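Next up, target35.txt (compact mmCIF, C-alpha atoms (C1' of nucleotides)):
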# COMPACT_ATOMS: atom_id res chain seq x y z
CA MET A 1 -12.14 -6.13 -3.57
CA ILE A 2 -10.12 -6.04 -6.75
CA ARG A 3 -6.65 -5.07 -5.74
CA ARG A 4 -4.56 -2.79 -7.89
CA PHE A 5 -0.87 -2.15 -7.98
CA ARG A 6 -0.20 0.60 -5.45
CA GLY A 7 2.85 2.09 -3.79
CA GLU A 8 6.57 2.20 -4.35
CA SER A 9 9.40 0.09 -3.00
CA LEU A 10 13.09 -0.28 -3.40
CA HIS A 11 14.75 -3.70 -3.62
CA LYS A 12 18.22 -5.11 -3.95
CA VAL A 13 19.27 -6.87 -7.11
CA ASP A 14 21.88 -9.52 -6.33
CA ALA A 15 24.73 -10.76 -8.48
CA LYS A 16 22.49 -13.31 -10.20
CA GLY A 17 19.90 -10.67 -11.04
CA ARG A 18 17.41 -11.83 -8.44
CA VAL A 19 14.96 -9.27 -7.00
CA SER A 20 12.11 -9.64 -4.58
CA VAL A 21 8.81 -8.45 -5.99
CA PRO A 22 7.02 -6.39 -3.31
CA ALA A 23 4.71 -8.62 -1.30
CA ALA A 24 1.71 -6.41 -2.01
CA PHE A 25 2.28 -6.82 -5.75
CA ARG A 26 2.41 -10.60 -5.44
CA ARG A 27 -1.16 -10.63 -4.18
CA VAL A 28 -2.26 -8.69 -7.25
CA LEU A 29 -0.32 -10.99 -9.59
CA GLU A 30 -1.95 -14.01 -7.97
CA GLU A 31 -5.45 -12.56 -8.37
CA GLY A 32 -4.68 -11.64 -11.96
CA ASP A 33 -3.53 -15.11 -13.00
CA PRO A 34 -6.48 -17.37 -13.86
CA ASP A 35 -4.29 -20.46 -13.47
CA PHE A 36 -3.00 -19.53 -10.05
CA SER A 37 -3.83 -21.76 -7.11
CA THR A 38 -2.55 -21.56 -3.56
CA GLY A 39 0.77 -23.31 -3.33
CA SER A 40 1.80 -22.45 -6.86
CA SER A 41 3.50 -19.30 -8.12
CA PRO A 42 1.70 -16.81 -10.36
CA ASN A 43 2.77 -16.12 -13.93
CA PHE A 44 2.78 -12.63 -15.36
CA VAL A 45 4.24 -10.64 -18.24
CA ILE A 46 7.04 -8.10 -18.42
CA VAL A 47 7.01 -5.66 -21.32
CA TYR A 48 10.35 -4.08 -22.00
CA GLY A 49 9.62 -2.24 -25.20
CA GLY A 50 7.41 0.31 -23.46
CA VAL A 51 6.25 3.55 -24.97
CA ARG A 52 8.96 5.46 -23.20
CA GLY A 53 11.40 2.61 -22.86
CA SER A 54 13.08 3.75 -19.68
CA CYS A 55 11.47 1.20 -17.41
CA LEU A 56 10.03 -2.30 -17.47
CA GLU A 57 6.30 -2.81 -17.11
CA GLY A 58 4.71 -5.78 -15.38
CA TYR A 59 1.18 -6.89 -16.24
CA THR A 60 -1.00 -9.57 -14.72
CA ILE A 61 -2.12 -12.24 -17.16
CA ASN A 62 -5.61 -10.76 -17.08
CA SER A 63 -4.57 -7.20 -17.76
CA ILE A 64 -2.20 -8.06 -20.59
CA SER A 65 -5.04 -10.04 -22.16
CA LYS A 66 -7.14 -6.91 -22.13
CA VAL A 67 -4.41 -5.04 -23.98
CA ASP A 68 -4.01 -7.92 -26.44
CA LYS A 69 -7.71 -7.84 -27.12
CA LEU A 70 -7.60 -4.13 -27.87
CA ILE A 71 -4.74 -4.65 -30.30
CA SER A 72 -6.67 -7.41 -32.05
CA LYS A 73 -9.38 -4.92 -32.84
CA LEU A 74 -7.11 -2.94 -35.09
CA PRO A 75 -7.10 -3.81 -38.80
CA ARG A 76 -4.93 -6.86 -39.37
CA PHE A 77 -2.21 -5.37 -41.52
CA SER A 78 -2.34 -1.80 -40.37
CA LYS A 79 0.84 0.02 -39.50
CA ASP A 80 -0.60 0.80 -36.03
CA ARG A 81 -1.28 -2.80 -35.26
CA GLU A 82 2.10 -3.88 -36.52
CA MET A 83 3.75 -1.31 -34.30
CA LEU A 84 1.83 -2.20 -31.18
CA GLU A 85 2.40 -5.89 -31.63
CA ARG A 86 6.07 -5.20 -31.99
CA PHE A 87 6.23 -3.13 -28.81
CA ILE A 88 3.88 -5.13 -26.66
CA ASN A 89 4.00 -8.68 -27.96
CA THR A 90 7.49 -8.99 -29.35
CA GLN A 91 9.22 -6.99 -26.68
CA SER A 92 7.78 -8.83 -23.73
CA THR A 93 8.28 -12.04 -21.84
CA TYR A 94 6.48 -14.37 -19.47
CA MET A 95 7.80 -14.46 -15.94
CA GLN A 96 7.08 -16.58 -12.92
CA LEU A 97 7.69 -15.74 -9.29
CA ASP A 98 9.85 -18.27 -7.48
CA GLU A 99 8.59 -19.58 -4.17
CA THR A 100 10.30 -16.86 -2.20
CA GLY A 101 8.59 -14.19 -4.30
CA ARG A 102 11.54 -13.25 -6.48
CA ILE A 103 12.12 -12.97 -10.20
CA VAL A 104 15.41 -12.87 -12.01
CA LEU A 105 16.19 -10.01 -14.34
CA SER A 106 18.33 -11.22 -17.19
CA HIS A 107 21.38 -9.29 -18.22
CA ARG A 108 19.43 -8.05 -21.20
CA LEU A 109 16.58 -6.67 -19.13
CA LYS A 110 18.87 -5.00 -16.64
CA GLU A 111 20.77 -3.40 -19.48
CA LYS A 112 17.55 -2.13 -21.08
CA ILE A 113 16.79 0.12 -18.16
CA GLY A 114 20.27 0.61 -16.75
CA ILE A 115 19.75 -1.26 -13.53
CA GLY A 116 22.66 -1.98 -11.22
CA ASP A 117 22.15 -3.44 -7.79
CA GLU A 118 18.86 -1.77 -6.90
CA ALA A 119 15.44 -1.72 -8.50
CA LEU A 120 12.52 0.57 -7.79
CA PHE A 121 9.03 -0.92 -8.09
CA ALA A 122 6.16 1.48 -8.72
CA GLY A 123 2.48 0.52 -8.70
CA MET A 124 0.42 1.98 -11.55
CA GLY A 125 -3.02 0.49 -11.05
CA GLU A 126 -3.36 -2.16 -13.74
CA LYS A 127 0.39 -2.52 -14.19
CA PHE A 128 3.60 -1.87 -12.31
CA GLN A 129 6.91 -0.46 -13.37
CA ILE A 130 10.52 -1.32 -12.57
CA TRP A 131 12.99 1.56 -12.65
CA GLU A 132 16.62 2.26 -12.02
CA PRO A 133 16.19 4.36 -8.84
CA LYS A 134 17.95 7.50 -10.08
CA ASN A 135 16.00 7.49 -13.32
CA TYR A 136 12.82 7.13 -11.32
CA GLN A 137 13.68 10.13 -9.20
CA ASN A 138 14.35 12.14 -12.35
CA GLU A 139 11.02 11.04 -13.75
CA LEU A 140 9.27 12.18 -10.56
CA ASN A 141 11.03 15.52 -10.61
CA ALA A 142 10.19 16.05 -14.25
CA LEU A 143 6.59 15.16 -13.53
CA ASP A 144 6.47 17.57 -10.61
CA SER A 145 7.82 20.47 -12.57
CA SER A 146 5.66 19.83 -15.60
CA PHE A 147 2.70 19.67 -13.23
CA LYS A 148 3.58 23.04 -11.77
CA ASN A 149 3.63 24.59 -15.23
CA LEU A 150 0.17 23.45 -16.16
CA SER A 151 -2.61 25.99 -16.44
CA GLU A 152 -5.74 25.49 -14.40
CA ASP A 153 -7.64 23.83 -17.24
CA GLU A 154 -4.77 21.49 -18.11
CA ASN A 155 -4.57 20.13 -14.58
CA PRO A 156 -5.41 16.43 -14.84
CA PHE A 157 -6.74 16.35 -11.28
CA LEU A 158 -9.32 18.96 -12.14
CA LYS A 159 -10.11 17.31 -15.45
CA LEU A 160 -10.97 14.15 -13.56
CA ASP A 161 -14.13 15.62 -12.08
CA GLN A 162 -15.27 16.77 -15.50
CA LEU A 163 -15.40 13.23 -16.81
CA GLN A 164 -18.81 11.65 -16.85
CA ASP A 165 -19.36 8.67 -14.70
CA MET B 1 -27.25 8.28 6.52
CA ILE B 2 -23.98 8.42 4.68
CA ARG B 3 -21.35 9.19 7.24
CA ARG B 4 -18.52 11.55 6.45
CA PHE B 5 -15.18 12.15 8.10
CA ARG B 6 -15.65 14.91 10.68
CA GLY B 7 -13.66 16.33 13.56
CA GLU B 8 -10.09 16.33 14.78
CA SER B 9 -8.25 14.11 17.22
CA LEU B 10 -4.80 13.58 18.51
CA HIS B 11 -3.31 10.09 19.03
CA LYS B 12 -0.11 8.54 20.27
CA VAL B 13 2.19 6.77 17.84
CA ASP B 14 4.05 3.94 19.61
CA ALA B 15 7.51 2.58 18.93
CA LYS B 16 6.19 0.20 16.28
CA GLY B 17 4.40 2.98 14.48
CA ARG B 18 0.95 1.92 15.64
CA VAL B 19 -1.78 4.57 15.94
CA SER B 20 -5.41 4.28 16.84
CA VAL B 21 -7.70 5.60 14.14
CA PRO B 22 -10.44 7.72 15.74
CA ALA B 23 -13.46 5.54 16.47
CA ALA B 24 -15.76 7.84 14.49
CA PHE B 25 -13.57 7.43 11.40
CA ARG B 26 -13.70 3.64 11.69
CA ARG B 27 -17.44 3.70 11.16
CA VAL B 28 -16.95 5.65 7.94
CA LEU B 29 -14.20 3.29 6.75
CA GLU B 30 -16.42 0.30 7.44
CA GLU B 31 -19.33 1.77 5.49
CA GLY B 32 -16.99 2.64 2.65
CA ASP B 33 -15.56 -0.85 2.24
CA PRO B 34 -17.83 -3.11 0.15
CA ASP B 35 -16.10 -6.20 1.53
CA PHE B 36 -16.54 -5.22 5.14
CA SER B 37 -18.69 -7.40 7.36
CA THR B 38 -19.11 -7.28 11.10
CA GLY B 39 -16.24 -9.14 12.68
CA SER B 40 -13.78 -8.24 9.97
CA SER B 41 -11.63 -5.13 9.67
CA PRO B 42 -12.14 -2.57 6.91
CA ASN B 43 -9.53 -1.91 4.23
CA PHE B 44 -8.80 1.57 2.97
CA VAL B 45 -6.14 3.52 1.12
CA ILE B 46 -3.60 6.08 2.26
CA VAL B 47 -2.27 8.50 -0.33
CA TYR B 48 1.00 10.13 0.63
CA GLY B 49 1.99 11.91 -2.55
CA GLY B 50 -0.69 14.55 -2.21
CA VAL B 51 -0.43 17.69 -4.25
CA ARG B 52 0.91 19.41 -1.16
CA GLY B 53 2.67 16.41 0.35
CA SER B 54 2.70 17.59 3.94
CA CYS B 55 0.12 15.15 5.26
CA LEU B 56 -1.28 11.71 4.54
CA GLU B 57 -4.77 11.32 3.15
CA GLY B 58 -7.05 8.39 3.92
CA TYR B 59 -9.78 7.33 1.50
CA THR B 60 -12.43 4.67 1.80
CA ILE B 61 -12.30 1.87 -0.77
CA ASN B 62 -15.45 3.23 -2.37
CA SER B 63 -14.18 6.74 -2.78
CA ILE B 64 -10.77 5.72 -4.09
CA SER B 65 -12.47 3.31 -6.52
CA LYS B 66 -14.42 6.23 -7.91
CA VAL B 67 -11.14 7.97 -8.61
CA ASP B 68 -9.60 4.82 -10.08
CA LYS B 69 -12.54 4.39 -12.38
CA LEU B 70 -12.23 7.93 -13.67
CA ILE B 71 -8.52 7.46 -14.28
CA SER B 72 -9.16 4.23 -16.17
CA LYS B 73 -11.29 6.15 -18.62
CA LEU B 74 -8.30 8.11 -19.83
CA PRO B 75 -6.39 6.62 -22.77
CA ARG B 76 -4.08 3.92 -21.51
CA PHE B 77 -0.71 5.48 -22.26
CA SER B 78 -1.66 9.16 -22.21
CA LYS B 79 0.47 11.68 -20.35
CA ASP B 80 -2.50 12.68 -18.19
CA ARG B 81 -3.18 9.15 -17.16
CA GLU B 82 0.45 8.45 -16.35
CA MET B 83 0.57 11.57 -14.23
CA LEU B 84 -2.52 10.73 -12.25
CA GLU B 85 -1.47 7.13 -11.74
CA ARG B 86 1.88 8.34 -10.55
CA PHE B 87 0.45 10.80 -8.03
CA ILE B 88 -2.51 8.75 -6.87
CA ASN B 89 -1.69 5.09 -7.39
CA THR B 90 2.04 4.98 -7.02
CA GLN B 91 2.10 7.28 -4.06
CA SER B 92 -0.47 5.38 -2.05
CA THR B 93 -0.86 2.16 -0.17
CA TYR B 94 -3.55 -0.22 1.02
CA MET B 95 -4.14 -0.30 4.75
CA GLN B 96 -6.23 -2.43 7.03
CA LEU B 97 -7.37 -1.64 10.54
CA ASP B 98 -6.37 -4.24 13.09
CA GLU B 99 -9.03 -5.54 15.41
CA THR B 100 -8.33 -2.86 18.00
CA GLY B 101 -8.82 -0.14 15.40
CA ARG B 102 -5.19 0.71 14.79
CA ILE B 103 -2.99 1.02 11.72
CA VAL B 104 0.76 1.01 11.56
CA LEU B 105 2.59 3.85 9.93
CA SER B 106 5.77 2.56 8.35
CA HIS B 107 9.02 4.36 8.88
CA ARG B 108 8.67 5.72 5.35
CA LEU B 109 5.23 7.18 5.93
CA LYS B 110 6.21 8.76 9.23
CA GLU B 111 9.22 10.29 7.58
CA LYS B 112 7.15 11.66 4.71
CA ILE B 113 5.19 13.93 6.98
CA GLY B 114 7.64 14.32 9.85
CA ILE B 115 5.66 12.45 12.44
CA GLY B 116 7.22 11.57 15.79
CA ASP B 117 5.15 10.11 18.59
CA GLU B 118 1.89 11.89 17.95
CA ALA B 119 -0.44 12.10 14.99
CA LEU B 120 -3.33 14.45 14.36
CA PHE B 121 -6.35 13.12 12.49
CA ALA B 122 -8.54 15.62 10.67
CA GLY B 123 -11.87 14.74 9.04
CA MET B 124 -12.38 16.24 5.59
CA GLY B 125 -15.71 14.85 4.44
CA GLU B 126 -14.86 12.21 1.85
CA LYS B 127 -11.32 11.78 3.13
CA PHE B 128 -9.32 12.34 6.27
CA GLN B 129 -5.84 13.64 6.83
CA ILE B 130 -3.00 12.70 9.16
CA TRP B 131 -0.69 15.49 10.23
CA GLU B 132 2.29 16.07 12.43
CA PRO B 133 0.52 18.19 15.10
CA LYS B 134 2.74 21.29 14.77
CA ASN B 135 2.45 21.30 11.00
CA TYR B 136 -1.29 21.05 11.36
CA GLN B 137 -1.37 24.10 13.60
CA ASN B 138 0.71 26.03 11.07
CA GLU B 139 -1.62 24.99 8.30
CA LEU B 140 -4.59 26.25 10.32
CA ASN B 141 -2.88 29.57 11.01
CA ALA B 142 -1.95 30.03 7.37
CA LEU B 143 -5.50 29.27 6.34
CA ASP B 144 -6.85 31.76 8.84
CA SER B 145 -4.72 34.61 7.66
CA SER B 146 -5.28 33.96 3.98
CA PHE B 147 -9.00 33.86 4.65
CA LYS B 148 -8.88 37.25 6.34
CA ASN B 149 -7.32 38.77 3.24
CA LEU B 150 -10.07 37.68 0.89
CA SER B 151 -12.41 40.19 -0.63
CA GLU B 152 -16.15 39.66 -0.27
CA ASP B 153 -16.56 38.01 -3.66
CA GLU B 154 -13.63 35.68 -3.12
CA ASN B 155 -15.11 34.33 0.08
CA PRO B 156 -15.76 30.63 -0.53
CA PHE B 157 -18.58 30.59 2.03
CA LEU B 158 -20.47 33.04 -0.10
CA LYS B 159 -19.61 31.26 -3.33
CA LEU B 160 -21.09 28.04 -2.00
CA ASP B 161 -24.70 28.99 -2.59
CA GLN B 162 -24.02 30.16 -6.10
CA LEU B 163 -23.17 26.67 -7.32
CA GLN B 164 -25.72 24.87 -9.43
CA ASP B 165 -26.62 21.35 -8.49
C1' DT C 1 -30.13 11.02 40.56
C1' DG C 2 -26.59 8.38 42.19
C1' DC C 3 -24.39 3.97 41.56
C1' DC C 4 -22.92 -0.16 39.50
C1' DA C 5 -22.24 -3.26 35.49
C1' DT C 6 -20.85 -3.36 30.82
C1' DC C 7 -18.89 -1.85 26.52
C1' DT C 8 -15.80 0.78 23.85
C1' DT C 9 -11.55 3.03 23.23
C1' DA C 10 -6.79 3.99 23.44
C1' DT C 11 -2.63 2.12 24.48
C1' DG C 12 1.17 -1.27 25.69
C1' DG C 13 4.03 -5.81 25.53
C1' DG C 14 5.35 -10.24 23.94
C1' DA C 15 5.00 -14.11 20.65
C1' DT C 16 4.70 -15.46 15.87
C1' DA C 17 4.65 -15.17 10.90
C1' DT C 18 6.12 -13.04 6.72
C1' DC C 19 9.44 -10.67 3.96
C1' DA C 20 13.71 -9.46 1.87
C1' DT C 21 18.03 -11.12 1.10
C1' DG C 22 22.22 -14.01 0.91
C1' DG C 23 24.85 -18.26 -0.05
C1' DA C 24 25.48 -23.12 -1.23
C1' DA C 25 24.18 -27.01 -3.94
C1' DT C 26 22.34 -28.83 -8.01
C1' DT C 27 20.79 -28.88 -12.62
C1' DT C 28 20.72 -27.23 -17.28
C1' DT C 29 22.69 -25.79 -21.57
C1' DA C 30 25.72 -24.22 -24.84
C1' DT D 1 32.74 -29.24 -18.98
C1' DA D 2 32.65 -24.51 -17.74
C1' DA D 3 29.27 -20.97 -17.36
C1' DA D 4 24.67 -19.88 -16.50
C1' DA D 5 20.48 -20.72 -14.49
C1' DT D 6 17.58 -22.87 -11.08
C1' DT D 7 16.51 -25.03 -6.66
C1' DC D 8 17.11 -25.42 -1.80
C1' DC D 9 18.22 -23.80 2.72
C1' DA D 10 19.36 -20.02 6.18
C1' DT D 11 18.66 -15.64 8.69
C1' DG D 12 17.82 -10.95 10.43
C1' DA D 13 14.50 -7.53 10.13
C1' DT D 14 10.03 -6.13 9.87
C1' DA D 15 5.28 -6.58 10.24
C1' DT D 16 1.32 -8.96 12.19
C1' DC D 17 -1.23 -11.32 15.59
C1' DC D 18 -2.75 -12.15 20.26
C1' DC D 19 -3.45 -10.91 24.84
C1' DA D 20 -3.70 -7.37 28.61
C1' DT D 21 -5.24 -3.09 30.97
C1' DA D 22 -6.82 1.36 32.26
C1' DA D 23 -9.79 5.13 31.35
C1' DG D 24 -13.97 6.77 29.49
C1' DA D 25 -18.51 6.35 27.89
C1' DT D 26 -23.05 4.14 28.13
C1' DG D 27 -27.04 2.36 29.99
C1' DG D 28 -29.99 0.58 33.17
C1' DC D 29 -32.24 0.59 37.63
C1' DA D 30 -33.28 1.19 42.26

Write-out of the structure in structure tokens:
Amino acid sequence: MIRRFRGESLHKVDAKGRVSVPAAFRRVLEEGDPDFSTGSSPNFVIVYGGVRGSCLEGYTINSISKVDKLISKLPRFSKDREMLERFINTQSTYMQLDETGRIVLSHRLKEKIGIGDEALFAGMGEKFQIWEPKNYQNELNALDSSFKNLSEDENPFLKLDQLQD
Amino acid sequence: MIRRFRGESLHKVDAKGRVSVPAAFRRVLEEGDPDFSTGSSPNFVIVYGGVRGSCLEGYTINSISKVDKLISKLPRFSKDREMLERFINTQSTYMQLDETGRIVLSHRLKEKIGIGDEALFAGMGEKFQIWEPKNYQNELNALDSSFKNLSEDENPFLKLDQLQD
DNA sequence: TGCCATCTTATGGGATATCATGGAATTTTA
DNA sequence: TAAAATTCCATGATATCCCATAAGATGGCA
């Protein structure tokens, strides 16, 4: 089975910026790092320049490579490519779990998304997100209400079954 | 034969949150997990963020993968995709039966649907649901009365045979 | 068809491992 | 050399594993 990032969990951020990454996510990060071997700690990538910018996004090495490959397909000096490279390559950083499964969020990263002493991890399939808990709740509420306002044929759940497979 | 989730049954939830999954459902979960082999225990997925949110929904690995695959076809950063990932991926979790056929419902999951020391399992074809027994009864009653108020041409039983295949 | 042996199921309890988290000690680096 | 970052150790809480048992269900077989 290819595991995906699933579920939510809330973790403490200590004075040094250390946070535990949810154990379930570690398994996915390990599987997604071609250089990982039992005993070592997986590498992965955090993108902080995200489309919406209100959370951090974690990618396995394999899934960020996929994104990189897509970007490389764009014309070399196009505005689009320039922009994506800026957001995804420039505004990102390699990370490595320590042996207790934690990472440290630098002052800069915490500031980016307004994190204090708690961080909310949210699984999103091929990536995961890190949110300041209140902002996350707002995001969920906003999502809920915008979902309620959708007409029948805008409902993404219903659109799903119309896709070919 | 492709087995489907059928029937209802009521099970005790012990102090640790452990519940037996109905034996009939285990067979379906086993068939629906490509990595299952006799001797091992099947994995599956519980979604708790359902559109209605009053029960948990269990999916086999195969059926949730179908959904994942459809979602992956949507453009990577589209609003639709984010919404679906949020409702289906974020609000879900991997589960594995133990060798006596039980799962453990975390405090969080029990809270979500108001479960105390009993859980009602309901087969729904491609998925099953877990309800707090009283809520389940209310749901049944509500369904009954709304069914009685339908006109002839709204009756879903009658609409069934009009579908093309 | 009545009875016994066996298997499966549902459930419980205790032991063990993993996880999340904190603090101290040590190294790096500016 | 002080501040920042990293490594190492410690611990309570939670989750997982392992074993136990009683009640049904199943299946032969006389």

Can you provide chain A as a CSV table (one decimal) with C-alpha atoms, in the coordinates of the input, superposed onto chain B by least squares across all C-alpha atoms matched in order?
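Listing of result_17.csv after writing:
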chain,number,residue,atom,x,y,z
A,1,MET,CA,-27.3,8.2,6.6
A,2,ILE,CA,-24.1,8.1,4.7
A,3,ARG,CA,-21.4,9.1,7.2
A,4,ARG,CA,-18.5,11.3,6.1
A,5,PHE,CA,-15.2,11.9,7.8
A,6,ARG,CA,-15.7,14.7,10.2
A,7,GLY,CA,-13.7,16.3,13.1
A,8,GLU,CA,-10.2,16.3,14.3
A,9,SER,CA,-8.3,14.2,16.8
A,10,LEU,CA,-4.9,13.8,18.2
A,11,HIS,CA,-3.4,10.4,18.9
A,12,LYS,CA,-0.2,8.9,20.2
A,13,VAL,CA,2.2,7.1,17.9
A,14,ASP,CA,4.1,4.4,19.9
A,15,ALA,CA,7.5,3.1,19.4
A,16,LYS,CA,6.3,0.5,16.9
A,17,GLY,CA,4.4,3.1,14.9
A,18,ARG,CA,1.0,2.1,16.0
A,19,VAL,CA,-1.8,4.7,16.1
A,20,SER,CA,-5.4,4.4,17.0
A,21,VAL,CA,-7.7,5.6,14.2
A,22,PRO,CA,-10.5,7.8,15.6
A,23,ALA,CA,-13.5,5.6,16.4
A,24,ALA,CA,-15.8,7.8,14.4
A,25,PHE,CA,-13.5,7.3,11.3
A,26,ARG,CA,-13.7,3.5,11.7
A,27,ARG,CA,-17.4,3.6,11.2
A,28,VAL,CA,-16.9,5.4,7.9
A,29,LEU,CA,-14.2,3.0,6.8
A,30,GLU,CA,-16.4,0.1,7.6
A,31,GLU,CA,-19.3,1.5,5.6
A,32,GLY,CA,-17.0,2.3,2.7
A,33,ASP,CA,-15.5,-1.2,2.4
A,34,PRO,CA,-17.8,-3.5,0.4
A,35,ASP,CA,-16.1,-6.6,1.8
A,36,PHE,CA,-16.5,-5.5,5.4
A,37,SER,CA,-18.7,-7.6,7.7
A,38,THR,CA,-19.2,-7.3,11.4
A,39,GLY,CA,-16.4,-9.1,13.2
A,40,SER,CA,-13.8,-8.4,10.5
A,41,SER,CA,-11.7,-5.3,10.1
A,42,PRO,CA,-12.2,-2.8,7.2
A,43,ASN,CA,-9.5,-2.3,4.5
A,44,PHE,CA,-8.8,1.1,3.2
A,45,VAL,CA,-6.1,3.0,1.2
A,46,ILE,CA,-3.5,5.5,2.3
A,47,VAL,CA,-2.1,7.9,-0.3
A,48,TYR,CA,1.2,9.4,0.6
A,49,GLY,CA,2.0,11.1,-2.7
A,50,GLY,CA,-0.7,13.8,-2.2
A,51,VAL,CA,-0.9,17.0,-4.2
A,52,ARG,CA,0.7,18.9,-1.4
A,53,GLY,CA,2.7,16.1,0.1
A,54,SER,CA,2.7,17.3,3.7
A,55,CYS,CA,0.2,14.8,5.0
A,56,LEU,CA,-1.2,11.3,4.4
A,57,GLU,CA,-4.6,10.9,3.0
A,58,GLY,CA,-6.9,8.0,3.9
A,59,TYR,CA,-9.7,6.9,1.5
A,60,THR,CA,-12.4,4.3,1.9
A,61,ILE,CA,-12.3,1.5,-0.7
A,62,ASN,CA,-15.4,3.0,-2.3
A,63,SER,CA,-14.1,6.5,-2.5
A,64,ILE,CA,-10.7,5.6,-3.9
A,65,SER,CA,-12.5,3.6,-6.5
A,66,LYS,CA,-14.3,6.7,-7.6
A,67,VAL,CA,-11.0,8.5,-8.0
A,68,ASP,CA,-9.6,5.5,-9.9
A,69,LYS,CA,-12.6,5.6,-12.2
A,70,LEU,CA,-12.0,9.3,-12.9
A,71,ILE,CA,-8.4,8.7,-13.8
A,72,SER,CA,-9.4,5.9,-16.1
A,73,LYS,CA,-11.4,8.3,-18.1
A,74,LEU,CA,-8.3,10.2,-19.1
A,75,PRO,CA,-6.6,9.2,-22.4
A,76,ARG,CA,-4.4,6.1,-21.8
A,77,PHE,CA,-1.0,7.5,-22.5
A,78,SER,CA,-1.6,11.1,-21.7
A,79,LYS,CA,0.9,13.0,-19.5
A,80,ASP,CA,-2.0,13.9,-17.1
A,81,ARG,CA,-3.0,10.3,-16.6
A,82,GLU,CA,0.6,9.2,-16.1
A,83,MET,CA,1.0,11.8,-13.5
A,84,LEU,CA,-2.1,11.0,-11.6
A,85,GLU,CA,-1.5,7.3,-11.6
A,86,ARG,CA,2.0,8.0,-10.3
A,87,PHE,CA,0.7,10.1,-7.4
A,88,ILE,CA,-2.4,8.2,-6.5
A,89,ASN,CA,-1.8,4.6,-7.5
A,90,THR,CA,1.9,4.3,-7.2
A,91,GLN,CA,2.3,6.3,-4.0
A,92,SER,CA,-0.4,4.6,-2.0
A,93,THR,CA,-0.9,1.5,0.0
A,94,TYR,CA,-3.7,-0.8,1.3
A,95,MET,CA,-4.1,-0.7,5.0
A,96,GLN,CA,-6.2,-2.7,7.4
A,97,LEU,CA,-7.3,-1.8,10.9
A,98,ASP,CA,-6.3,-4.3,13.6
A,99,GLU,CA,-9.0,-5.5,16.0
A,100,THR,CA,-8.3,-2.7,18.4
A,101,GLY,CA,-8.8,-0.1,15.7
A,102,ARG,CA,-5.1,0.8,15.1
A,103,ILE,CA,-2.9,0.9,12.1
A,104,VAL,CA,0.9,0.9,12.0
A,105,LEU,CA,2.7,3.7,10.2
A,106,SER,CA,5.9,2.4,8.7
A,107,HIS,CA,9.1,4.2,9.1
A,108,ARG,CA,8.8,5.4,5.6
A,109,LEU,CA,5.3,6.9,6.0
A,110,LYS,CA,6.2,8.6,9.3
A,111,GLU,CA,9.3,10.1,7.6
A,112,LYS,CA,7.2,11.3,4.6
A,113,ILE,CA,5.2,13.7,6.8
A,114,GLY,CA,7.7,14.2,9.7
A,115,ILE,CA,5.7,12.4,12.3
A,116,GLY,CA,7.2,11.8,15.7
A,117,ASP,CA,5.1,10.4,18.6
A,118,GLU,CA,1.8,12.2,17.8
A,119,ALA,CA,-0.5,12.2,14.8
A,120,LEU,CA,-3.3,14.5,14.0
A,121,PHE,CA,-6.3,13.1,12.2
A,122,ALA,CA,-8.5,15.5,10.2
A,123,GLY,CA,-11.8,14.5,8.6
A,124,MET,CA,-12.3,15.9,5.1
A,125,GLY,CA,-15.6,14.5,4.0
A,126,GLU,CA,-14.8,11.7,1.5
A,127,LYS,CA,-11.2,11.3,2.8
A,128,PHE,CA,-9.2,12.0,6.0
A,129,GLN,CA,-5.8,13.3,6.5
A,130,ILE,CA,-3.0,12.5,8.9
A,131,TRP,CA,-0.7,15.3,9.9
A,132,GLU,CA,2.3,16.0,12.1
A,133,PRO,CA,0.5,18.3,14.7
A,134,LYS,CA,2.7,21.3,14.3
A,135,ASN,CA,2.4,21.2,10.5
A,136,TYR,CA,-1.3,21.0,10.9
A,137,GLN,CA,-1.4,24.0,13.0
A,138,ASN,CA,0.6,25.9,10.5
A,139,GLU,CA,-1.7,24.8,7.8
A,140,LEU,CA,-4.7,26.1,9.8
A,141,ASN,CA,-3.0,29.4,10.4
A,142,ALA,CA,-2.1,29.8,6.8
A,143,LEU,CA,-5.6,29.0,5.8
A,144,ASP,CA,-7.0,31.5,8.3
A,145,SER,CA,-4.9,34.3,7.1
A,146,SER,CA,-5.4,33.6,3.4
A,147,PHE,CA,-9.1,33.5,4.1
A,148,LYS,CA,-8.9,36.9,5.8
A,149,ASN,CA,-7.3,38.3,2.7
A,150,LEU,CA,-9.9,37.2,0.3
A,151,SER,CA,-12.2,39.7,-1.3
A,152,GLU,CA,-15.9,39.3,-0.9
A,153,ASP,CA,-16.3,37.6,-4.3
A,154,GLU,CA,-13.4,35.2,-3.7
A,155,ASN,CA,-14.9,34.0,-0.4
A,156,PRO,CA,-15.6,30.3,-0.9
A,157,PHE,CA,-18.5,30.3,1.6
A,158,LEU,CA,-20.3,32.9,-0.4
A,159,LYS,CA,-19.5,31.2,-3.7
A,160,LEU,CA,-21.2,28.1,-2.3
A,161,ASP,CA,-24.7,29.6,-2.5
A,162,GLN,CA,-24.1,30.7,-6.1
A,163,LEU,CA,-23.7,27.1,-7.2
A,164,GLN,CA,-26.7,25.5,-8.8
A,165,ASP,CA,-28.3,22.6,-7.0

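Taking CA of Gly7 in chain A and CA of Gly53 in chain A as the two end points, the separation is 20.9 Å.
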
Would you tabulate, counting all atoms listed in the file, all residues of range 95-138 of chain A that have an atom at most 12 Å from an atom of range 60-79 of chain B, showing the closest pair of atoms and their distance in Å to one decimal, sorted by chain then ascending number, as a Markdown table?
| residue | atom | partner | partner_atom | distance |
| --- | --- | --- | --- | --- |
| A:Met124 | CA | B:Asp68 | CA | 10.5 |
| A:Gly125 | CA | B:Asp68 | CA | 7.9 |
| A:Glu126 | CA | B:Ser72 | CA | 9.0 |
| A:Lys127 | CA | B:Arg76 | CA | 10.7 |
